[in-house]
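See below for target-v8.txt, which holds compact mmCIF, C-alpha atoms.
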```
# COMPACT_ATOMS: atom_id res chain seq x y z
CA MET E 1 -24.45 -7.14 -9.61
CA SER E 2 -20.69 -7.13 -9.21
CA ASP E 3 -18.64 -4.58 -11.08
CA TYR E 4 -15.77 -6.99 -11.34
CA ILE E 5 -14.98 -10.13 -13.28
CA SER E 6 -15.62 -13.48 -11.65
CA HIS E 7 -14.27 -15.75 -14.39
CA ASP E 8 -11.67 -15.09 -17.01
CA GLN E 9 -11.16 -18.33 -18.87
CA GLU E 10 -9.76 -16.64 -21.95
CA HIS E 11 -7.36 -14.45 -19.95
CA ASP E 12 -8.71 -11.59 -21.98
CA GLY E 13 -10.08 -9.59 -19.11
CA ILE E 14 -13.70 -10.51 -19.73
CA ASP E 15 -15.91 -13.34 -18.61
CA ARG E 16 -19.10 -14.31 -20.40
CA ARG E 17 -21.35 -13.13 -17.62
CA GLY E 18 -19.56 -9.83 -17.34
CA PHE E 19 -19.66 -9.36 -21.09
CA LEU E 20 -23.39 -9.97 -21.22
CA GLN E 21 -23.87 -7.61 -18.31
CA CYS E 22 -21.90 -4.85 -19.94
CA MET E 23 -23.80 -5.38 -23.17
CA ALA E 24 -27.01 -4.94 -21.20
CA TRP E 25 -25.68 -1.82 -19.54
CA ALA E 26 -24.67 -0.35 -22.85
CA GLY E 27 -28.12 -1.09 -24.17
CA THR E 28 -29.76 0.72 -21.31
CA GLY E 29 -27.55 3.74 -21.57
CA LEU E 30 -25.09 3.09 -18.78
CA LEU E 31 -21.38 3.31 -19.07
CA TRP E 32 -19.00 0.45 -19.01
CA THR E 33 -15.30 0.07 -18.82
CA ILE E 34 -12.94 -2.77 -19.51
CA SER E 35 -9.47 -1.96 -18.38
CA GLY E 36 -6.51 -4.17 -17.66
CA GLY E 37 -8.60 -7.14 -16.67
CA VAL E 38 -11.01 -5.20 -14.51
CA LEU E 39 -14.56 -4.57 -15.58
CA VAL E 40 -16.13 -1.49 -14.07
CA SER E 41 -19.39 0.27 -14.74
CA ARG E 42 -20.79 3.60 -13.80
CA THR E 43 -23.61 5.70 -15.08
CA LEU E 44 -23.15 8.98 -16.83
CA ALA E 45 -25.20 10.54 -14.03
CA GLN E 46 -22.75 9.19 -11.44
CA ILE E 47 -19.82 10.71 -13.28
CA ALA E 48 -21.64 14.01 -13.73
CA LYS E 49 -22.61 14.16 -10.05
CA ALA E 50 -19.15 13.29 -8.79
CA ARG E 51 -17.54 15.77 -11.18
CA ALA E 52 -14.55 13.49 -10.74
CA PRO E 53 -12.15 12.79 -13.53
CA LEU E 54 -11.85 9.25 -14.79
CA PRO E 55 -8.88 7.31 -13.38
CA ALA E 56 -5.50 8.80 -14.26
CA THR E 57 -4.40 7.58 -17.67
CA ASP E 58 -1.53 8.12 -20.02
CA LEU E 59 -3.80 8.92 -22.91
CA SER E 60 -7.49 9.48 -23.38
CA PHE E 61 -9.31 10.19 -26.59
CA LEU E 62 -12.87 10.25 -27.78
CA GLN E 63 -14.64 8.57 -30.67
CA ILE E 64 -17.60 10.24 -32.34
CA SER E 65 -19.33 8.77 -35.34
CA ASP E 66 -22.07 8.96 -37.91
CA SER E 67 -23.15 12.57 -37.47
CA HIS E 68 -24.99 12.46 -40.85
CA ILE E 69 -25.23 16.24 -41.12
CA GLY E 70 -27.95 16.99 -43.68
CA PHE E 71 -30.27 14.14 -42.64
CA SER E 72 -33.69 15.56 -41.76
CA LYS E 73 -36.14 12.67 -41.75
CA GLU E 74 -38.41 11.29 -39.03
CA ALA E 75 -35.71 9.39 -37.15
CA ASN E 76 -34.11 12.74 -36.20
CA LYS E 77 -35.14 15.98 -37.84
CA ASP E 78 -32.30 17.95 -36.28
CA VAL E 79 -29.07 15.98 -36.41
CA THR E 80 -27.06 19.19 -36.11
CA ALA E 81 -28.62 19.79 -32.68
CA THR E 82 -27.77 16.32 -31.40
CA PHE E 83 -24.24 16.62 -32.78
CA ARG E 84 -23.96 19.89 -30.87
CA ILE E 85 -25.13 18.14 -27.69
CA ALA E 86 -22.42 15.51 -28.15
CA LEU E 87 -19.82 18.27 -28.39
CA ASP E 88 -21.25 19.92 -25.27
CA ARG E 89 -20.76 16.63 -23.46
CA ILE E 90 -17.13 16.52 -24.58
CA ASN E 91 -16.61 20.10 -23.45
CA ALA E 92 -18.08 19.23 -20.04
CA MET E 93 -15.78 16.26 -19.43
CA PRO E 94 -13.70 16.77 -16.26
CA THR E 95 -10.67 15.40 -18.10
CA PRO E 96 -10.76 16.65 -21.69
CA PRO E 97 -9.75 14.07 -24.28
CA SER E 98 -6.42 14.59 -26.04
CA PHE E 99 -8.09 14.33 -29.42
CA LEU E 100 -11.17 13.07 -31.23
CA ILE E 101 -11.55 10.32 -33.78
CA HIS E 102 -14.52 10.60 -36.15
CA THR E 103 -15.29 7.22 -37.70
CA GLY E 104 -17.19 8.49 -40.71
CA ASP E 105 -20.51 9.51 -42.16
CA ILE E 106 -19.81 13.10 -41.25
CA THR E 107 -22.51 14.05 -43.76
CA GLN E 108 -25.64 12.47 -45.22
CA LEU E 109 -25.01 13.22 -48.92
CA SER E 110 -21.40 14.48 -49.19
CA LYS E 111 -22.65 17.99 -49.98
CA PRO E 112 -20.19 20.85 -49.46
CA GLU E 113 -22.76 22.72 -47.37
CA GLU E 114 -23.15 19.67 -45.10
CA PHE E 115 -19.40 19.54 -44.55
CA ASP E 116 -19.49 23.31 -43.92
CA THR E 117 -22.14 22.92 -41.21
CA PHE E 118 -20.17 20.11 -39.56
CA ASP E 119 -16.97 22.18 -39.56
CA GLU E 120 -18.77 25.22 -38.20
CA VAL E 121 -20.41 23.33 -35.32
CA LEU E 122 -17.18 21.49 -34.54
CA LYS E 123 -15.52 24.84 -33.84
CA SER E 124 -17.35 24.89 -30.50
CA CYS E 125 -15.41 21.83 -29.32
CA ARG E 126 -12.62 22.57 -26.89
CA THR E 127 -10.64 19.61 -28.19
CA LYS E 128 -9.23 20.74 -31.50
CA ASP E 129 -7.32 17.73 -32.81
CA VAL E 130 -9.59 15.46 -34.84
CA PHE E 131 -8.65 12.41 -36.90
CA TYR E 132 -11.04 11.00 -39.47
CA ALA E 133 -11.96 7.87 -41.37
CA PRO E 134 -14.52 8.34 -44.17
CA GLY E 135 -17.95 6.73 -44.28
CA GLU E 136 -19.73 5.81 -47.49
CA HIS E 137 -21.92 8.90 -47.07
CA ASP E 138 -18.80 11.12 -47.26
CA VAL E 139 -17.64 9.81 -50.63
CA LEU E 140 -20.92 9.63 -52.55
CA THR E 141 -20.21 11.97 -55.41
CA ASP E 142 -16.49 12.35 -56.00
CA GLY E 143 -14.76 9.24 -54.69
CA GLY E 144 -13.84 11.11 -51.52
CA LYS E 145 -11.92 14.03 -53.06
CA LEU E 146 -13.70 16.68 -51.03
CA TYR E 147 -13.40 14.60 -47.86
CA ARG E 148 -9.65 14.20 -48.32
CA GLU E 149 -9.14 17.89 -49.06
CA ARG E 150 -10.87 18.84 -45.83
CA TYR E 151 -10.01 16.17 -43.30
CA LEU E 152 -6.54 14.87 -44.02
CA LYS E 153 -4.69 18.15 -43.54
CA SER E 154 -2.88 17.10 -40.35
CA VAL E 155 -1.89 13.63 -41.48
CA GLU E 156 0.03 12.11 -44.35
CA GLY E 157 -2.81 10.37 -46.18
CA LYS E 158 -1.87 7.53 -48.51
CA GLY E 159 -3.94 6.17 -51.42
CA SER E 160 -7.60 7.02 -50.91
CA GLY E 161 -6.85 8.46 -47.46
CA TRP E 162 -5.44 5.90 -45.04
CA TYR E 163 -2.69 6.81 -42.57
CA SER E 164 -1.12 6.08 -39.23
CA PHE E 165 0.28 8.14 -36.36
CA ASN E 166 1.69 7.66 -32.87
CA LYS E 167 0.49 9.17 -29.59
CA ASN E 168 2.00 8.40 -26.20
CA GLY E 169 3.38 5.07 -27.36
CA VAL E 170 0.10 3.97 -28.96
CA HIS E 171 0.08 3.36 -32.72
CA PHE E 172 -3.11 4.56 -34.44
CA ILE E 173 -4.14 3.36 -37.89
CA GLY E 174 -6.97 5.04 -39.84
CA LEU E 175 -8.29 2.83 -42.64
CA VAL E 176 -10.65 3.41 -45.59
CA ASN E 177 -13.14 0.61 -46.34
CA VAL E 178 -15.92 2.48 -48.14
CA LEU E 179 -14.49 2.97 -51.64
CA ASP E 180 -14.49 0.86 -54.81
CA LEU E 181 -17.05 -1.49 -53.32
CA GLN E 182 -17.88 -4.49 -55.50
CA ALA E 183 -21.37 -5.64 -56.48
CA GLY E 184 -22.70 -8.12 -53.97
CA GLY E 185 -19.84 -7.45 -51.58
CA LEU E 186 -19.11 -5.79 -48.25
CA GLY E 187 -16.80 -3.02 -47.12
CA GLN E 188 -13.37 -3.39 -48.64
CA LEU E 189 -9.80 -2.33 -47.89
CA GLY E 190 -8.15 -3.48 -51.11
CA ASP E 191 -4.68 -4.80 -51.91
CA GLU E 192 -2.87 -1.47 -51.98
CA GLN E 193 -4.05 -0.49 -48.51
CA LEU E 194 -3.40 -3.96 -47.09
CA GLU E 195 0.15 -3.96 -48.44
CA TRP E 196 0.69 -0.56 -46.87
CA LEU E 197 -0.69 -1.84 -43.55
CA GLU E 198 1.64 -4.82 -43.56
CA GLY E 199 4.62 -2.52 -44.02
CA ASP E 200 3.35 0.04 -41.53
CA VAL E 201 3.19 -2.37 -38.58
CA LYS E 202 6.19 -4.52 -39.52
CA VAL E 203 8.64 -2.23 -37.76
CA LEU E 204 6.67 -2.07 -34.50
CA GLY E 205 7.39 -4.11 -31.38
CA ALA E 206 4.72 -6.64 -30.40
CA ASP E 207 4.14 -4.74 -27.14
CA THR E 208 3.02 -1.57 -28.98
CA PRO E 209 -0.68 -0.98 -28.30
CA ILE E 210 -2.54 -0.69 -31.61
CA VAL E 211 -5.75 1.21 -32.26
CA VAL E 212 -7.33 0.67 -35.69
CA PHE E 213 -10.27 2.81 -36.76
CA ALA E 214 -12.44 2.58 -39.86
CA HIS E 215 -16.06 3.21 -40.71
CA ILE E 216 -17.54 -0.21 -41.56
CA PRO E 217 -16.90 -2.86 -38.90
CA LEU E 218 -13.79 -4.96 -39.46
CA TRP E 219 -15.66 -8.01 -38.20
CA ALA E 220 -18.71 -9.77 -39.60
CA VAL E 221 -21.46 -8.10 -37.58
CA ASN E 222 -24.17 -8.95 -40.11
CA PRO E 223 -22.94 -9.61 -43.66
CA GLN E 224 -26.54 -9.83 -44.96
CA TRP E 225 -26.86 -6.15 -44.18
CA GLY E 226 -23.39 -5.37 -45.49
CA TRP E 227 -22.11 -4.89 -41.95
CA GLY E 228 -18.64 -6.29 -42.41
CA THR E 229 -15.45 -5.90 -44.46
CA SER E 230 -14.61 -8.60 -47.01
CA ASP E 231 -10.82 -8.53 -46.57
CA SER E 232 -10.59 -7.59 -42.88
CA GLU E 233 -9.18 -11.03 -41.98
CA ARG E 234 -6.05 -10.24 -43.92
CA ALA E 235 -5.66 -6.94 -42.09
CA LEU E 236 -6.13 -8.62 -38.72
CA GLY E 237 -3.56 -11.24 -39.71
CA TYR E 238 -0.91 -8.51 -39.75
CA LEU E 239 -1.95 -7.49 -36.24
CA LYS E 240 -2.06 -10.96 -34.64
CA ARG E 241 1.35 -10.72 -33.00
CA PHE E 242 0.48 -7.58 -31.05
CA GLY E 243 -0.51 -7.85 -27.40
CA SER E 244 -3.22 -5.20 -27.51
CA VAL E 245 -5.32 -4.31 -30.54
CA THR E 246 -8.43 -2.14 -30.26
CA VAL E 247 -10.61 -1.82 -33.37
CA LEU E 248 -13.06 1.10 -33.39
CA ASN E 249 -15.82 1.29 -35.99
CA GLY E 250 -19.04 3.19 -36.68
CA HIS E 251 -21.60 2.56 -39.44
CA ILE E 252 -24.09 0.47 -37.45
CA HIS E 253 -25.17 3.23 -35.01
CA GLN E 254 -25.12 1.06 -31.90
CA VAL E 255 -22.67 -0.33 -29.37
CA LEU E 256 -21.48 -3.84 -30.07
CA GLN E 257 -18.33 -5.47 -28.82
CA LYS E 258 -16.46 -8.66 -29.53
CA VAL E 259 -13.18 -9.89 -28.07
CA GLU E 260 -11.01 -12.33 -29.99
CA GLY E 261 -7.70 -13.13 -28.35
CA ASN E 262 -5.89 -9.82 -27.97
CA VAL E 263 -8.23 -7.96 -30.32
CA THR E 264 -11.18 -5.96 -29.02
CA PHE E 265 -13.72 -4.92 -31.66
CA HIS E 266 -16.00 -2.08 -30.72
CA THR E 267 -18.66 -0.10 -32.58
CA ALA E 268 -19.93 3.32 -31.50
CA MET E 269 -23.32 4.95 -31.36
CA SER E 270 -24.22 7.65 -33.84
CA THR E 271 -24.87 11.25 -32.89
CA ALA E 272 -27.73 11.33 -35.44
CA PHE E 273 -30.09 8.34 -35.33
CA PRO E 274 -30.14 4.71 -34.21
CA GLN E 275 -30.33 1.67 -36.47
CA PRO E 276 -31.98 -1.67 -35.67
CA ALA E 277 -30.04 -4.44 -33.96
CA PRO E 278 -28.64 -6.89 -36.52
CA GLY E 279 -31.34 -9.03 -38.07
CA THR E 280 -34.25 -7.50 -36.15
CA ALA E 281 -35.75 -5.55 -39.07
CA PRO E 282 -36.26 -6.09 -42.81
CA SER E 283 -33.26 -3.88 -43.49
CA PRO E 284 -30.79 -1.51 -41.86
CA GLY E 285 -31.43 2.22 -42.00
CA PRO E 286 -32.66 5.05 -39.77
CA MET E 287 -34.80 3.66 -36.93
CA LYS E 288 -37.69 5.73 -35.63
CA VAL E 289 -38.01 5.72 -31.85
CA PRO E 290 -40.21 7.82 -29.54
CA ALA E 291 -38.80 11.35 -29.27
CA GLU E 292 -38.13 10.97 -25.55
CA LYS E 293 -36.02 7.88 -26.25
CA LEU E 294 -33.91 9.23 -29.08
CA ARG E 295 -31.07 10.74 -27.07
CA SER E 296 -30.63 7.55 -25.06
CA MET E 297 -29.74 5.82 -28.33
CA LEU E 298 -27.21 8.39 -29.49
CA GLY E 299 -23.81 8.83 -27.95
CA LEU E 300 -20.06 8.78 -28.05
CA THR E 301 -17.19 6.59 -26.92
CA SER E 302 -14.33 7.47 -24.64
CA VAL E 303 -11.11 5.44 -24.75
CA GLN E 304 -8.30 5.51 -22.20
CA TYR E 305 -4.90 3.94 -22.27
CA LYS E 306 -2.68 3.37 -19.27
CA GLN E 307 0.82 2.12 -19.80
CA GLY E 308 1.38 -1.40 -18.52
CA LYS E 309 -2.28 -2.38 -18.91
CA THR E 310 -3.05 -4.84 -21.63
CA ALA E 311 -6.43 -3.53 -22.74
CA LEU E 312 -7.66 -0.02 -23.38
CA ALA E 313 -10.65 1.15 -21.37
CA VAL E 314 -13.64 1.79 -23.59
CA VAL E 315 -16.54 3.76 -22.14
CA ASP E 316 -19.76 4.46 -24.03
CA SER E 317 -22.11 7.19 -22.92
CA ASN E 318 -25.38 8.29 -24.41
CA LEU E 319 -26.79 11.79 -24.87
CA SER E 320 -29.68 11.47 -22.39
CA MET H 1 -8.21 31.76 -89.89
CA THR H 2 -9.13 31.57 -86.24
CA THR H 3 -6.21 31.54 -83.88
CA LEU H 4 -6.36 29.58 -80.66
CA THR H 5 -6.44 32.17 -77.91
CA PRO H 6 -6.45 30.77 -74.35
CA ARG H 7 -10.25 31.19 -74.30
CA ASN H 8 -10.62 29.46 -77.64
CA LYS H 9 -8.31 26.71 -76.51
CA LYS H 10 -10.51 26.19 -73.48
CA MET H 11 -13.60 26.09 -75.67
CA ALA H 12 -11.92 23.66 -78.04
CA LEU H 13 -10.97 21.46 -75.13
CA LEU H 14 -14.49 21.54 -73.74
CA CYS H 15 -15.89 20.64 -77.14
CA ALA H 16 -13.40 17.80 -77.46
CA ILE H 17 -14.30 16.51 -74.02
CA SER H 18 -18.02 16.77 -74.81
CA PHE H 19 -17.48 14.94 -78.08
CA LEU H 20 -15.44 12.29 -76.32
CA ASN H 21 -18.17 11.81 -73.72
CA LEU H 22 -20.80 11.48 -76.41
CA SER H 23 -18.59 9.02 -78.27
CA ILE H 24 -18.11 6.88 -75.20
CA PHE H 25 -21.82 7.12 -74.56
CA ALA H 26 -22.66 6.08 -78.08
CA LEU H 27 -20.23 3.21 -77.95
CA ALA H 28 -21.40 2.03 -74.56
CA GLY H 29 -24.66 3.26 -75.94
CA GLU H 30 -27.11 0.62 -74.81
CA MET H 31 -28.72 2.75 -72.15
CA LYS H 32 -28.81 6.43 -71.47
CA GLU H 33 -30.36 8.89 -69.12
CA ALA H 34 -33.77 10.16 -70.17
CA ASP H 35 -36.28 12.68 -68.99
CA THR H 36 -39.12 11.34 -66.90
CA THR H 37 -41.96 13.28 -68.51
CA ASP H 38 -43.67 10.38 -70.25
CA ASN H 39 -45.28 7.49 -68.48
CA ASN H 40 -43.47 4.23 -68.35
CA GLN H 41 -44.41 1.01 -66.66
CA ASN H 42 -40.88 -0.11 -66.04
CA ARG H 43 -40.48 1.22 -62.52
CA ILE H 44 -38.09 -0.23 -60.00
CA GLU H 45 -38.74 0.77 -56.44
CA ILE H 46 -35.82 0.91 -54.03
CA LYS H 47 -37.16 -0.04 -50.62
CA ASP H 48 -35.66 -1.69 -47.55
CA PHE H 49 -32.26 -1.82 -49.21
CA ALA H 50 -33.50 -3.81 -52.20
CA PHE H 51 -34.42 -3.24 -55.85
CA ASN H 52 -38.03 -4.22 -56.55
CA PRO H 53 -38.42 -6.05 -58.84
CA GLN H 54 -34.87 -7.31 -58.66
CA ASN H 55 -35.06 -8.73 -62.21
CA LEU H 56 -36.86 -6.84 -64.94
CA THR H 57 -37.30 -7.58 -68.65
CA VAL H 58 -37.94 -4.64 -70.97
CA LYS H 59 -38.03 -4.00 -74.67
CA SER H 60 -35.32 -2.08 -76.43
CA GLY H 61 -36.24 1.61 -76.53
CA GLU H 62 -38.36 1.52 -73.37
CA LYS H 63 -37.62 3.66 -70.37
CA ILE H 64 -36.71 2.27 -66.98
CA THR H 65 -37.09 4.38 -63.86
CA TRP H 66 -35.74 3.71 -60.38
CA ILE H 67 -37.26 5.56 -57.45
CA ASN H 68 -35.76 5.57 -53.97
CA ARG H 69 -38.32 5.03 -51.19
CA ASP H 70 -35.72 4.55 -48.44
CA GLU H 71 -34.42 7.22 -46.09
CA GLU H 72 -30.93 6.18 -47.11
CA PRO H 73 -29.32 7.41 -50.34
CA HIS H 74 -28.82 4.74 -52.99
CA THR H 75 -27.20 4.60 -56.41
CA VAL H 76 -27.76 2.62 -59.59
CA VAL H 77 -24.43 1.54 -61.10
CA SER H 78 -23.84 -0.85 -63.98
CA VAL H 79 -21.46 -3.64 -62.90
CA GLU H 80 -19.84 -3.66 -66.36
CA LYS H 81 -20.09 0.11 -66.77
CA GLN H 82 -22.61 -0.42 -69.59
CA PHE H 83 -24.62 2.68 -68.74
CA LYS H 84 -24.05 5.95 -67.00
CA LYS H 85 -24.35 5.63 -63.23
CA SER H 86 -26.92 7.59 -61.28
CA THR H 87 -26.06 10.25 -58.78
CA ALA H 88 -26.80 9.45 -55.14
CA LEU H 89 -30.59 9.30 -55.04
CA ASP H 90 -32.09 10.77 -51.90
CA THR H 91 -35.59 9.84 -50.70
CA ASP H 92 -38.17 9.97 -53.54
CA GLN H 93 -35.59 10.90 -56.15
CA GLU H 94 -35.72 9.11 -59.50
CA PHE H 95 -33.26 7.97 -62.12
CA THR H 96 -34.35 7.04 -65.64
CA ILE H 97 -32.55 5.40 -68.53
CA THR H 98 -33.64 4.18 -71.95
CA ALA H 99 -33.00 0.54 -72.74
CA GLY H 100 -30.72 0.08 -75.74
CA ALA H 101 -29.31 -3.04 -77.34
CA PRO H 102 -30.72 -6.41 -76.27
CA GLY H 103 -28.71 -8.10 -73.56
CA THR H 104 -28.40 -8.61 -69.83
CA TYR H 105 -27.37 -5.68 -67.66
CA THR H 106 -26.48 -6.24 -64.01
CA TYR H 107 -26.31 -3.31 -61.66
CA PHE H 108 -25.84 -2.56 -57.97
CA CYS H 109 -25.91 0.21 -55.39
CA SER H 110 -22.33 1.39 -54.96
CA VAL H 111 -23.16 2.65 -51.45
CA HIS H 112 -24.70 -0.64 -50.32
CA PRO H 113 -23.18 -3.20 -52.70
CA LYS H 114 -25.26 -6.06 -51.30
CA MET H 115 -28.09 -4.50 -53.32
CA THR H 116 -28.01 -5.92 -56.84
CA GLY H 117 -30.44 -6.18 -59.76
CA THR H 118 -30.66 -7.26 -63.40
CA ILE H 119 -32.27 -5.75 -66.47
CA VAL H 120 -32.85 -7.99 -69.48
CA VAL H 121 -33.40 -6.04 -72.70
CA VAL H 122 -35.18 -7.87 -75.53
CA LYS H 123 -35.85 -6.75 -79.10
CA SER H 124 -38.80 -4.41 -79.46
```
Please re-express this file's structure in structure tokens.
Amino acid sequence: MSDYISHDQEHDGIDRRGFLQCMAWAGTGLLWTISGGVLVSRTLAQIAKARAPLPATDLSFLQISDSHIGFSKEANKDVTATFRIALDRINAMPTPPSFLIHTGDITQLSKPEEFDTFDEVLKSCRTKDVFYAPGEHDVLTDGGKLYRERYLKSVEGKGSGWYSFNKNGVHFIGLVNVLDLQAGGLGQLGDEQLEWLEGDVKVLGADTPIVVFAHIPLWAVNPQWGWGTSDSERALGYLKRFGSVTVLNGHIHQVLQKVEGNVTFHTAMSTAFPQPAPGTAPSPGPMKVPAEKLRSMLGLTSVQYKQGKTALAVVDSNLS
Amino acid sequence: MTTLTPRNKKMALLCAISFLNLSIFALAGEMKEADTTDNNQNRIEIKDFAFNPQNLTVKSGEKITWINRDEEPHTVVSVEKQFKKSTALDTDQEFTITAGAPGTYTYFCSVHPKMTGTIVVVKS
């Protein structure tokens, strides 16, 4: 199996065969990378053995998601332990990430003691800068007040907690799509946030790489299960003119990727428990797997940006 | 005559807020939270991200209880804010209201809004 692309009809750096291969690799717990038109794979074991840093980049950061601190059911009775393992993996990386992005569901029930546990365990992480987007589990009781008090200290949060910031020439946008949800609907950004987004990116050059992160996928993964955002099309409309847009989401506890023009959509694994693949079960929710399999279905996502490359490299690794 | 000391003012404010809440409750008044000590047949099970039964007809004055059988938290929220919403119900937690004035009451889970249900209240 070649590690490189053979066909690239869409000029998006991915051919169908390569995409299917990398999907298969992700599913079996290998790592995969798409970077500047070159598709590369390597296993976590290979990286660990080589103790070699990933290729030199201008910026690398790490996405963690869906830690669900407080969950204690069959699917994973000790989510704090697996979250700790994820942090150990980050600490062991030969090239530490510049910062972390947590794409929501920090806690299971928005309880202060769950947030406390998360914060306490996170202290062991060598990488101290963390940017957040809330999940629906983080805003269960108070519309996200506690979440905002704790996790928006280093950014200028607008509205219910959305914001943007720049790092090494990359523009990052953290969105909130888990509040004021309407009966029968999906995730939602809302007019106020969308108007802010339009203004936020208006001043940027089309060659500015954009990274958008939010909890619920900004593409229709499986609307029947609520895995989508009703007004995401409008948000993506404001980003159409940009040459490189990477959208990072959580919520569905599994790696899925879709490429549409210059936009790469990517969802991350959870550090707590897996969920079924779209449409393969009566409903979403915690999926019980044999204990020896669990860690292969949990993980984190590393993202690297190198100036001059069109796409960001996205590498998923599991906790096996 | 009692003067309003800061403590008294606080008490007065709390009383006013309580009264206001009760007033809103009475006005909205069709359904309210109730204790779950007595048996009632109007049980709605929340399982696999769905309310079962999704549509339920009850008589005015009867109790309705939702119980969450999923490992995910769910809520019961009136679409038209006609009754007080539940807290996030964890596994096996219940929420009970008493049916008030006849009418149709739609509700949903504010965490998973695809989940919707309807209560029809008829005269007792």
Subject >> Proximity to Gln304 (chain E) - best of E:Gly144, E:Pro97, E:Gly159, E:Gly187, all atoms listed in the file >> reply: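 Closest residue, counting all atoms listed in the file: E:Pro97.
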Original post:
In Å, with one decimal, what is the gap from CA of Phe165 (chain E) to CA of Val201 (chain E)?
Top reply: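 Between CA of Phe165 (chain E) and CA of Val201 (chain E) the gap works out to 11.1 Å.
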Original post:
With all atoms listed in the file as the basis for distance, which of E:Thr141, E:Ser230, E:Ser270, E:Thr264 is at the shortest distance from Val111 (chain H)?
Top reply: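 When distances to Val111 (chain H) are compared using all atoms listed in the file, the smallest one comes from E:Thr141.
Restricting the calculation to all atoms listed in the file, the smallest distance between Ile44 (chain H) and any of H:His112, H:Lys123, H:Lys81, H:Lys63 is found for H:Lys63.
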Original post:
For chain H, which residues have at least one atom within 7 Å of chain E, if we go by all atoms listed in the file? Write them as a ChimeraX atom specification, please.
Top reply: /H:48-49,71-72,79,87-88,108,110-116
Starting from the incomplete input, reconstruct N, CA and C atoms of region 259-271 of chain E and write that as a PDB file, keeping the file's coordinate frame.
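Okay, out.pdb is ready:
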```
ATOM      1  N   VAL E 259     -14.589  -9.729 -28.418  1.00  0.00           N
ATOM      2  CA  VAL E 259     -13.180  -9.890 -28.070  1.00  0.00           C
ATOM      3  C   VAL E 259     -12.694 -11.203 -28.649  1.00  0.00           C
ATOM      4  N   GLU E 260     -11.605 -11.121 -29.399  1.00  0.00           N
ATOM      5  CA  GLU E 260     -11.010 -12.330 -29.990  1.00  0.00           C
ATOM      6  C   GLU E 260      -9.530 -12.310 -29.696  1.00  0.00           C
ATOM      7  N   GLY E 261      -9.104 -13.143 -28.741  1.00  0.00           N
ATOM      8  CA  GLY E 261      -7.700 -13.130 -28.350  1.00  0.00           C
ATOM      9  C   GLY E 261      -7.334 -11.755 -27.823  1.00  0.00           C
ATOM     10  N   ASN E 262      -6.335 -11.139 -28.441  1.00  0.00           N
ATOM     11  CA  ASN E 262      -5.890  -9.820 -27.970  1.00  0.00           C
ATOM     12  C   ASN E 262      -6.588  -8.671 -28.698  1.00  0.00           C
ATOM     13  N   VAL E 263      -7.562  -9.002 -29.527  1.00  0.00           N
ATOM     14  CA  VAL E 263      -8.230  -7.960 -30.320  1.00  0.00           C
ATOM     15  C   VAL E 263      -9.616  -7.662 -29.752  1.00  0.00           C
ATOM     16  N   THR E 264      -9.853  -6.401 -29.465  1.00  0.00           N
ATOM     17  CA  THR E 264     -11.180  -5.960 -29.020  1.00  0.00           C
ATOM     18  C   THR E 264     -11.821  -5.164 -30.145  1.00  0.00           C
ATOM     19  N   PHE E 265     -12.958  -5.637 -30.622  1.00  0.00           N
ATOM     20  CA  PHE E 265     -13.720  -4.920 -31.660  1.00  0.00           C
ATOM     21  C   PHE E 265     -14.820  -4.133 -30.959  1.00  0.00           C
ATOM     22  N   HIS E 266     -15.000  -2.922 -31.377  1.00  0.00           N
ATOM     23  CA  HIS E 266     -16.000  -2.080 -30.720  1.00  0.00           C
ATOM     24  C   HIS E 266     -16.657  -1.152 -31.732  1.00  0.00           C
ATOM     25  N   THR E 267     -17.976  -1.070 -31.709  1.00  0.00           N
ATOM     26  CA  THR E 267     -18.660  -0.100 -32.580  1.00  0.00           C
ATOM     27  C   THR E 267     -19.322   0.972 -31.718  1.00  0.00           C
ATOM     28  N   ALA E 268     -19.413   2.178 -32.261  1.00  0.00           N
ATOM     29  CA  ALA E 268     -19.930   3.320 -31.500  1.00  0.00           C
ATOM     30  C   ALA E 268     -21.353   3.673 -31.909  1.00  0.00           C
ATOM     31  N   MET E 269     -22.015   4.373 -31.012  1.00  0.00           N
ATOM     32  CA  MET E 269     -23.320   4.950 -31.360  1.00  0.00           C
ATOM     33  C   MET E 269     -23.114   6.097 -32.341  1.00  0.00           C
ATOM     34  N   SER E 270     -24.203   6.481 -32.966  1.00  0.00           N
ATOM     35  CA  SER E 270     -24.220   7.650 -33.840  1.00  0.00           C
ATOM     36  C   SER E 270     -24.598   8.878 -33.016  1.00  0.00           C
ATOM     37  N   THR E 271     -24.302  10.050 -33.522  1.00  0.00           N
ATOM     38  CA  THR E 271     -24.870  11.250 -32.890  1.00  0.00           C
ATOM     39  C   THR E 271     -26.152  11.681 -33.612  1.00  0.00           C
TER      40      THR E 271
END
```
